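Beneath this line is the structure, given in structure tokens, with notes to follow.
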Amino acid sequence: MKFSHLLRGWTLGIAAAAALGAAGQAGAAWPEQPVRLVVPFAAGGTTDLLGRLMAEGLGAELGQSVVVVNKAGAGGSLGASEVAHAQPDGYTLLLGTPGTQIINAYVYKKIGYDPVKDFAPVAYVAQVPNVVLTHPGSGLKNMDDLLRTARAEPGRLNWGSPGVGSSGHLALEMIKRMGKVDIRHVPYKGASQANNDLLGGQIDLSADNLPTALPLIKAGKLVALGVTSAQPVPAAPGVAAIAQSVPGFELTSWFVVMAPAGTPQAVIDKLNAAAQRVLDAPATRERLATLAAQPIGGTPQALAQHLQTEREKYRVLIEGTDIRPE
């Protein structure tokens with residue numbers, strides 16, 4: 001072998017070792033400045049509540065401030081796009097949802113990022129059931145009432161959702177398909193608009209994350225007909241799972257910490273370990289229980305597998321509807 005070839009090989013080897021060493025040092029030193037956790041929805045919703053809970057816990061575990069930044073718009077795509085194109089240094093993170101990581105790619109022609117290639121999985125925070133809601137004047141008390149009415153008068157009931165492709169819309173599509181009923185979809189531009197019209201009796205039905213809806217349910221302003229988890233949840237006593245009336249039904253929302261693709265593995269591992277300690281803390285579990293949220297945790301690899309499984313589930317669901325990119 002020529003000396004020039006040997007020299008080139010040594011040079012490349014030294015460069016690679018130096019790069020690995022630098023990455024390791026970066027992981028060991030990180031975080032040296034505040035970390036931004038982008039919540040891609042407005043303040044006050046379930047994503048925001050969970051984001052602030054995790055930011056507080058991660059800040060304590062990492063010894064560095066974790067600042068929540070709300071950047072809403074386009075079903076979460078604006079905030080997700082910002083993180084996707086941020087420097088992959090561990091200082092900009094996303095609290096992702098089914099919308100940002102899967103659904104939006106089916107709903108919008110351009111979302112500004114690739115939900116698979118542009119992110120690295122970090123931590124699975126929690127899953128939260130949705131709840132089907134009606135106003136007290138509807139006379140509906142449970143899912144059996146809803147299904148009975150929808151079958152007796154096809155097309156009479158209407159269902160407001162935060163928008164086309166939202167979790168509330170997809171819950172409706174699943175109920176229509178699996179329950180063999182005809183219910184009209186009324187898309188709004190956000191959950192607050194749908195809830196306001198439901199409270200006022202302008203629409204018959206809606207669905208929302210259970211943590212957001214709980215105060216209205218407890219105040220008697222809305223009636224919970226069923227939760228979208230496979231089993232009833234302690235935070236909503238007396239509310240049956242939809243699966244009791246529609247066997248096999250399950251559609252929960254989930255919340256995950258994602259980093260820009262290319263973030264050093266040492267940083268991801270450090271973040272994941274910190275997130276796991278936060279989720280294991282009794283105080284965190286108590287606060288999550290009040291939000292009807294189930295802590296999950298696990299490795300980044302397990303989260304990657306979860307996302308892959310969910311992508312296939314939502315692909316089958318969405319392709320069976322009339323949802324088209326807008």
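Order determines the names: the first chain of the structure tokens is A, the second B, and so forth; residues in each chain are numbered 1 upward, and ligands are numbered 1 upward as they are shown.
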If we count only C-alpha atoms and set the cut-off at 6 Å, which residues sit around stretch 271-274 of chain A, ignoring sequence neighbours fewer than 5 positions away in its own chain? Please answer as a compact mmCIF listing (two decimals) with C-alpha atoms, in the first residue's frame.
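Saved as result-v6.txt:
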```txt
# COMPACT_ATOMS: atom_id res chain seq x y z
CA GLU A 61 -33.24 17.39 36.83
CA VAL A 122 -36.38 11.55 22.83
CA ALA A 123 -39.08 10.63 25.36
```
Give me the residues near A:Ala261 as a list in words, where near means some atom within 7 Å (using only C-alpha atoms) and where sequence neighbours in that chain fewer than 6 positions away do not count.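 Selected residues are Pro88, Lys117, Asp118, Phe119 and Ala120 of chain A.
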Using only N, CA and C atoms, please write the residues we just selected to a file, as a PDB file, in the first residue's frame.
```pdb
ATOM      1  N   PRO A  88     -29.315  21.219  15.717  1.00  0.00           N
ATOM      2  CA  PRO A  88     -29.468  19.955  16.466  1.00  0.00           C
ATOM      3  C   PRO A  88     -28.490  19.858  17.636  1.00  0.00           C
ATOM      4  N   LYS A 117     -38.145  12.167   8.951  1.00  0.00           N
ATOM      5  CA  LYS A 117     -36.714  12.388   8.742  1.00  0.00           C
ATOM      6  C   LYS A 117     -36.140  13.559   9.537  1.00  0.00           C
ATOM      7  N   ASP A 118     -36.991  14.513   9.908  1.00  0.00           N
ATOM      8  CA  ASP A 118     -36.471  15.744  10.514  1.00  0.00           C
ATOM      9  C   ASP A 118     -36.432  15.731  12.033  1.00  0.00           C
ATOM     10  N   PHE A 119     -36.820  14.614  12.651  1.00  0.00           N
ATOM     11  CA  PHE A 119     -36.847  14.559  14.114  1.00  0.00           C
ATOM     12  C   PHE A 119     -36.164  13.307  14.650  1.00  0.00           C
ATOM     13  N   ALA A 120     -35.656  13.443  15.865  1.00  0.00           N
ATOM     14  CA  ALA A 120     -35.111  12.308  16.612  1.00  0.00           C
ATOM     15  C   ALA A 120     -35.975  12.095  17.845  1.00  0.00           C
TER      16      ALA A 120
END
```
Residue list (strand (DSSP E), DSSP) for stretch 108-267 of chain A, as a PyMOL selection string: chain A and resi 119-134+158-161+184-187+205-209+223-227+252-260
For A:His169, which of A:Ala72, A:Ile103, A:Leu210, A:Ala283 is the closest residue, counting only C-alpha atoms?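 With only C-alpha atoms as the atom set, the closest residue is A:Ile103.
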Which residues, written as a list in words, have at least one atom at most 8 Å from stretch 37-45 of chain A, with only C-alpha atoms counted and residues fewer than 2 positions away on the same chain left out?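 My reading of the contact set: Val35, Thr47, Asp48, Leu49, Gly51, Ala55, Val66, Val67, Val68, Val69, Asn70, Lys71, Ala72, Gly73, Gly75, Gly76, Ser77, Leu78, Gly79, Ala80, Val83, Thr92, Leu93, Leu94, Leu95, Gly96 and Thr212 of chain A.
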Which value, in Å to one decimal, gives the distance between atom CA of A:Arg324 and atom CA of A:Tyr108? 8.0 Å
Give me the residues near stretch 218-234 of chain A as an mmCIF file with all heavy atoms, in the first residue's frame, where near means some atom within 6 Å (using only C-alpha atoms) and where sequence neighbours in that chain fewer than 2 positions away do not count.
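Result written to selection-v9.cif:
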```cif
data_model
loop_
_atom_site.group_PDB
_atom_site.id
_atom_site.type_symbol
_atom_site.label_atom_id
_atom_site.label_comp_id
_atom_site.auth_asym_id
_atom_site.auth_seq_id
_atom_site.Cartn_x
_atom_site.Cartn_y
_atom_site.Cartn_z
ATOM 1 N N PRO A 129 -56.745 10.246 27.093
ATOM 2 C CA PRO A 129 -57.954 9.939 26.324
ATOM 3 C C PRO A 129 -58.686 11.202 25.915
ATOM 4 O O PRO A 129 -58.597 12.243 26.580
ATOM 5 C CB PRO A 129 -58.790 9.119 27.303
ATOM 6 C CG PRO A 129 -58.359 9.592 28.652
ATOM 7 C CD PRO A 129 -56.905 9.934 28.521
ATOM 8 N N ASN A 130 -59.399 11.120 24.822
ATOM 9 C CA ASN A 130 -60.368 12.147 24.467
ATOM 10 C C ASN A 130 -61.714 11.737 25.054
ATOM 11 O O ASN A 130 -61.887 10.597 25.504
ATOM 12 C CB ASN A 130 -60.475 12.299 22.952
ATOM 13 C CG ASN A 130 -59.232 12.932 22.360
ATOM 14 O OD1 ASN A 130 -58.479 13.622 23.045
ATOM 15 N ND2 ASN A 130 -59.006 12.691 21.081
ATOM 16 N N VAL A 131 -62.659 12.650 25.026
ATOM 17 C CA VAL A 131 -63.989 12.359 25.547
ATOM 18 C C VAL A 131 -65.016 12.934 24.580
ATOM 19 O O VAL A 131 -64.860 14.038 24.066
ATOM 20 C CB VAL A 131 -64.171 12.941 26.974
ATOM 21 C CG1 VAL A 131 -63.950 14.441 27.000
ATOM 22 C CG2 VAL A 131 -65.537 12.582 27.543
ATOM 23 N N VAL A 132 -66.051 12.150 24.295
ATOM 24 C CA VAL A 132 -67.159 12.615 23.459
ATOM 25 C C VAL A 132 -68.109 13.402 24.344
ATOM 26 O O VAL A 132 -68.492 12.958 25.425
ATOM 27 C CB VAL A 132 -67.884 11.436 22.786
ATOM 28 C CG1 VAL A 132 -69.084 11.932 21.987
ATOM 29 C CG2 VAL A 132 -66.928 10.674 21.881
ATOM 30 N N LEU A 133 -68.489 14.592 23.864
ATOM 31 C CA LEU A 133 -69.258 15.532 24.673
ATOM 32 C C LEU A 133 -70.562 15.932 23.991
ATOM 33 O O LEU A 133 -70.657 15.936 22.767
ATOM 34 C CB LEU A 133 -68.425 16.804 24.904
ATOM 35 C CG LEU A 133 -67.075 16.628 25.586
ATOM 36 C CD1 LEU A 133 -66.217 17.860 25.367
ATOM 37 C CD2 LEU A 133 -67.263 16.358 27.077
ATOM 38 N N THR A 134 -71.541 16.295 24.807
ATOM 39 C CA THR A 134 -72.765 16.921 24.314
ATOM 40 C C THR A 134 -73.198 17.959 25.332
ATOM 41 O O THR A 134 -72.620 18.045 26.436
ATOM 42 C CB THR A 134 -73.874 15.884 24.082
ATOM 43 O OG1 THR A 134 -74.962 16.510 23.403
ATOM 44 C CG2 THR A 134 -74.371 15.295 25.400
ATOM 45 N N HIS A 135 -74.177 18.770 24.984
ATOM 46 C CA HIS A 135 -74.696 19.765 25.926
ATOM 47 C C HIS A 135 -75.895 19.157 26.664
ATOM 48 O O HIS A 135 -76.554 18.227 26.155
ATOM 49 C CB HIS A 135 -75.089 21.057 25.205
ATOM 50 C CG HIS A 135 -76.087 20.856 24.110
ATOM 51 N ND1 HIS A 135 -77.454 20.826 24.329
ATOM 52 C CD2 HIS A 135 -75.921 20.677 22.778
ATOM 53 C CE1 HIS A 135 -78.079 20.640 23.195
ATOM 54 N NE2 HIS A 135 -77.177 20.535 22.224
ATOM 55 N N ASN A 142 -75.306 8.866 27.211
ATOM 56 C CA ASN A 142 -74.184 7.952 27.034
ATOM 57 C C ASN A 142 -74.045 7.593 25.551
ATOM 58 O O ASN A 142 -74.837 8.055 24.718
ATOM 59 C CB ASN A 142 -74.369 6.695 27.888
ATOM 60 C CG ASN A 142 -75.747 6.078 27.694
ATOM 61 O OD1 ASN A 142 -76.197 5.874 26.558
ATOM 62 N ND2 ASN A 142 -76.438 5.785 28.799
ATOM 63 N N MET A 143 -73.073 6.756 25.230
ATOM 64 C CA MET A 143 -72.826 6.400 23.834
ATOM 65 C C MET A 143 -73.955 5.569 23.248
ATOM 66 O O MET A 143 -74.259 5.674 22.054
ATOM 67 C CB MET A 143 -71.509 5.640 23.711
ATOM 68 C CG MET A 143 -70.269 6.508 23.831
ATOM 69 S SD MET A 143 -70.183 7.838 22.588
ATOM 70 C CE MET A 143 -70.150 6.884 21.064
ATOM 71 N N PRO A 215 -63.146 20.304 33.589
ATOM 72 C CA PRO A 215 -63.808 21.365 34.367
ATOM 73 C C PRO A 215 -65.247 21.633 33.918
ATOM 74 O O PRO A 215 -66.125 21.873 34.758
ATOM 75 C CB PRO A 215 -62.914 22.586 34.122
ATOM 76 C CG PRO A 215 -61.563 22.014 33.797
ATOM 77 C CD PRO A 215 -61.859 20.769 33.031
ATOM 78 N N LEU A 216 -65.489 21.585 32.608
ATOM 79 C CA LEU A 216 -66.842 21.828 32.092
ATOM 80 C C LEU A 216 -67.777 20.664 32.423
ATOM 81 O O LEU A 216 -68.974 20.860 32.664
ATOM 82 C CB LEU A 216 -66.790 22.049 30.582
ATOM 83 C CG LEU A 216 -66.049 23.316 30.132
ATOM 84 C CD1 LEU A 216 -65.879 23.327 28.617
ATOM 85 C CD2 LEU A 216 -66.795 24.561 30.607
ATOM 86 N N ALA A 236 -62.600 10.361 35.398
ATOM 87 C CA ALA A 236 -63.967 10.606 34.929
ATOM 88 C C ALA A 236 -64.869 9.474 35.395
ATOM 89 O O ALA A 236 -65.332 8.648 34.597
ATOM 90 C CB ALA A 236 -63.993 10.726 33.409
ATOM 91 N N PRO A 237 -65.161 9.406 36.701
ATOM 92 C CA PRO A 237 -65.984 8.309 37.229
ATOM 93 C C PRO A 237 -67.386 8.326 36.627
ATOM 94 O O PRO A 237 -67.992 9.373 36.435
ATOM 95 C CB PRO A 237 -66.021 8.606 38.740
ATOM 96 C CG PRO A 237 -65.683 10.053 38.861
ATOM 97 C CD PRO A 237 -64.762 10.357 37.738
ATOM 98 N N VAL A 239 -68.135 7.501 33.601
ATOM 99 C CA VAL A 239 -68.116 7.665 32.142
ATOM 100 C C VAL A 239 -67.521 6.400 31.528
ATOM 101 O O VAL A 239 -66.368 6.062 31.787
ATOM 102 C CB VAL A 239 -67.299 8.901 31.720
ATOM 103 C CG1 VAL A 239 -67.337 9.050 30.202
ATOM 104 C CG2 VAL A 239 -67.830 10.149 32.400
ATOM 105 N N ALA A 240 -68.307 5.699 30.742
ATOM 106 C CA ALA A 240 -67.860 4.433 30.158
ATOM 107 C C ALA A 240 -66.909 4.678 28.988
ATOM 108 O O ALA A 240 -66.890 5.765 28.382
ATOM 109 C CB ALA A 240 -69.061 3.626 29.682
ATOM 110 N N ALA A 241 -66.136 3.672 28.665
ATOM 111 C CA ALA A 241 -65.323 3.708 27.454
ATOM 112 C C ALA A 241 -66.233 3.516 26.244
ATOM 113 O O ALA A 241 -67.205 2.756 26.295
ATOM 114 C CB ALA A 241 -64.260 2.608 27.494
ATOM 115 N N ILE A 242 -65.919 4.207 25.158
ATOM 116 C CA ILE A 242 -66.699 4.049 23.925
ATOM 117 C C ILE A 242 -66.693 2.586 23.487
ATOM 118 O O ILE A 242 -67.664 2.087 22.915
ATOM 119 C CB ILE A 242 -66.129 4.951 22.818
ATOM 120 C CG1 ILE A 242 -66.316 6.423 23.198
ATOM 121 C CG2 ILE A 242 -66.791 4.671 21.471
ATOM 122 C CD1 ILE A 242 -65.640 7.396 22.264
ATOM 123 N N GLU A 250 -60.593 2.492 20.132
ATOM 124 C CA GLU A 250 -59.580 3.108 20.987
ATOM 125 C C GLU A 250 -58.831 4.153 20.165
ATOM 126 O O GLU A 250 -58.336 3.868 19.073
ATOM 127 C CB GLU A 250 -58.589 2.082 21.544
ATOM 128 C CG GLU A 250 -57.547 2.697 22.466
ATOM 129 C CD GLU A 250 -56.563 1.672 23.029
ATOM 130 O OE1 GLU A 250 -56.589 0.513 22.579
ATOM 131 O OE2 GLU A 250 -55.767 2.051 23.908
ATOM 132 N N LEU A 251 -58.760 5.366 20.680
ATOM 133 C CA LEU A 251 -58.041 6.429 19.983
ATOM 134 C C LEU A 251 -57.605 7.463 21.026
ATOM 135 O O LEU A 251 -58.348 8.380 21.333
ATOM 136 C CB LEU A 251 -58.918 7.090 18.916
ATOM 137 C CG LEU A 251 -58.196 8.086 17.995
ATOM 138 C CD1 LEU A 251 -57.255 7.357 17.050
ATOM 139 C CD2 LEU A 251 -59.210 8.907 17.202
ATOM 140 N N THR A 252 -56.416 7.295 21.560
ATOM 141 C CA THR A 252 -55.922 8.218 22.571
ATOM 142 C C THR A 252 -54.936 9.206 21.953
ATOM 143 O O THR A 252 -54.296 8.926 20.942
ATOM 144 C CB THR A 252 -55.210 7.467 23.714
ATOM 145 O OG1 THR A 252 -54.147 6.674 23.173
ATOM 146 C CG2 THR A 252 -56.179 6.557 24.447
#
```
When you look at A:Thr284 with a cut-off of 8 Å (counting only C-alpha atoms), what residues show up, excluding the ones that are within fewer than 5 positions of it in the same chain? I need them as a ChimeraX atom specification. /A:53,278-279
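Across A:Pro300, A:Pro260, A:Pro162, A:Pro121, the tightest approach to A:Glu82 is made by A:Pro260 when counting only C-alpha atoms.
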Straight-line distance linking atom CA of A:Gly155 with atom CA of A:Arg184, stated in Å to one decimal: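 One can read the atom CA of A:Gly155 to atom CA of A:Arg184 distance as 5.8 Å.
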Work out how far apart atom CA of A:Leu199 and atom CA of A:Leu214 are and give it in Å to one decimal.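 Here the two named atoms are 13.7 Å from each other.
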Any chance you could list, as a PyMOL selection string, the residues in stretch 154-312 of chain A that come up alpha helix (DSSP H) when DSSP is run on the backbone? chain A and resi 167-179+191-199+210-218+265-280+282-290+300-312
Counting only C-alpha atoms, what are the residues of stretch 70-136 of chain A within 12 Å of stretch 316-320 of chain A, and for each of them which pair of atoms is the nearest and at what distance in Å, to one decimal? Sort the table by chain and rising number, as CSV.
```
residue,atom,partner,partner_atom,distance
A:Ile102,CA,A:Ile318,CA,10.6
A:Ile103,CA,A:Ile318,CA,8.3
A:Asn104,CA,A:Ile318,CA,10.9
A:Ala105,CA,A:Ile318,CA,10.9
A:Tyr106,CA,A:Ile318,CA,7.7
A:Val107,CA,A:Ile318,CA,9.3
```
What lies within 12 Å of A:Asn158 using only C-alpha atoms, ignoring chain neighbours under 6 positions off, as an mmCIF file with C-alpha atoms, in the first residue's frame?
```
data_model
loop_
_atom_site.group_PDB
_atom_site.id
_atom_site.type_symbol
_atom_site.label_atom_id
_atom_site.label_comp_id
_atom_site.auth_asym_id
_atom_site.auth_seq_id
_atom_site.Cartn_x
_atom_site.Cartn_y
_atom_site.Cartn_z
ATOM 1 C CA LEU A 133 -69.258 15.532 24.673
ATOM 2 C CA THR A 134 -72.765 16.921 24.314
ATOM 3 C CA SER A 138 -79.495 17.212 23.906
ATOM 4 C CA LEU A 146 -75.919 8.615 20.739
ATOM 5 C CA THR A 149 -80.428 8.375 17.912
ATOM 6 C CA ALA A 150 -77.945 8.421 15.018
ATOM 7 C CA HIS A 169 -62.580 14.661 13.666
ATOM 8 C CA LEU A 172 -65.958 10.912 14.726
ATOM 9 C CA LYS A 176 -69.155 6.471 12.039
ATOM 10 C CA VAL A 181 -73.894 5.596 11.834
ATOM 11 C CA ASP A 182 -74.294 8.845 9.864
ATOM 12 C CA ILE A 183 -73.299 11.990 11.799
ATOM 13 C CA ARG A 184 -72.507 15.290 10.062
ATOM 14 C CA HIS A 185 -69.068 16.804 10.584
ATOM 15 C CA VAL A 186 -68.797 20.537 11.334
ATOM 16 C CA PRO A 187 -65.122 21.633 11.205
ATOM 17 C CA ALA A 194 -66.240 24.192 18.732
ATOM 18 C CA ASP A 197 -70.926 26.433 20.047
ATOM 19 C CA LEU A 198 -71.442 23.161 21.900
ATOM 20 C CA GLY A 201 -76.342 24.326 21.848
ATOM 21 C CA GLN A 202 -75.512 25.302 18.242
ATOM 22 C CA ILE A 203 -74.041 21.835 17.660
ATOM 23 C CA ASP A 204 -74.959 18.477 19.162
ATOM 24 C CA LEU A 205 -71.642 16.755 19.742
ATOM 25 C CA SER A 206 -67.915 17.276 19.977
ATOM 26 C CA ALA A 207 -64.794 15.628 21.347
#
```
Near-A:Tyr124 list (8 Å; only C-alpha atoms; drop same-chain fewer than 5 positions) as a compact mmCIF listing (two decimals) with N, CA and C atoms, in the first residue's frame:
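As written to disk, out15.txt reads:
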```txt
# COMPACT_ATOMS: atom_id res chain seq x y z
N PHE A 255 -48.26 12.40 23.76
CA PHE A 255 -47.40 13.58 23.81
C PHE A 255 -45.96 13.12 23.99
N VAL A 256 -45.10 13.57 23.09
CA VAL A 256 -43.73 13.05 23.04
C VAL A 256 -42.74 14.20 22.88
N VAL A 257 -41.57 14.04 23.49
CA VAL A 257 -40.50 15.02 23.31
C VAL A 257 -39.65 14.59 22.12
N ILE A 296 -45.90 7.40 30.47
CA ILE A 296 -45.42 6.25 29.71
C ILE A 296 -43.92 6.02 29.91
N GLY A 297 -43.08 6.94 29.45
CA GLY A 297 -41.63 6.78 29.57
C GLY A 297 -41.09 5.74 28.59
N GLY A 298 -39.91 5.22 28.90
CA GLY A 298 -39.27 4.24 28.03
C GLY A 298 -38.12 4.86 27.25
N PRO A 300 -35.68 5.95 23.88
CA PRO A 300 -35.92 6.57 22.56
C PRO A 300 -36.25 5.53 21.49
N LEU A 303 -39.84 4.58 21.76
CA LEU A 303 -40.67 5.65 21.22
C LEU A 303 -40.67 5.61 19.70
```
Between A:Gly160, A:Pro34, A:Pro98, A:Gly90, which residue has the minimum interatomic distance to A:Thr309, considering only C-alpha atoms? A:Pro98
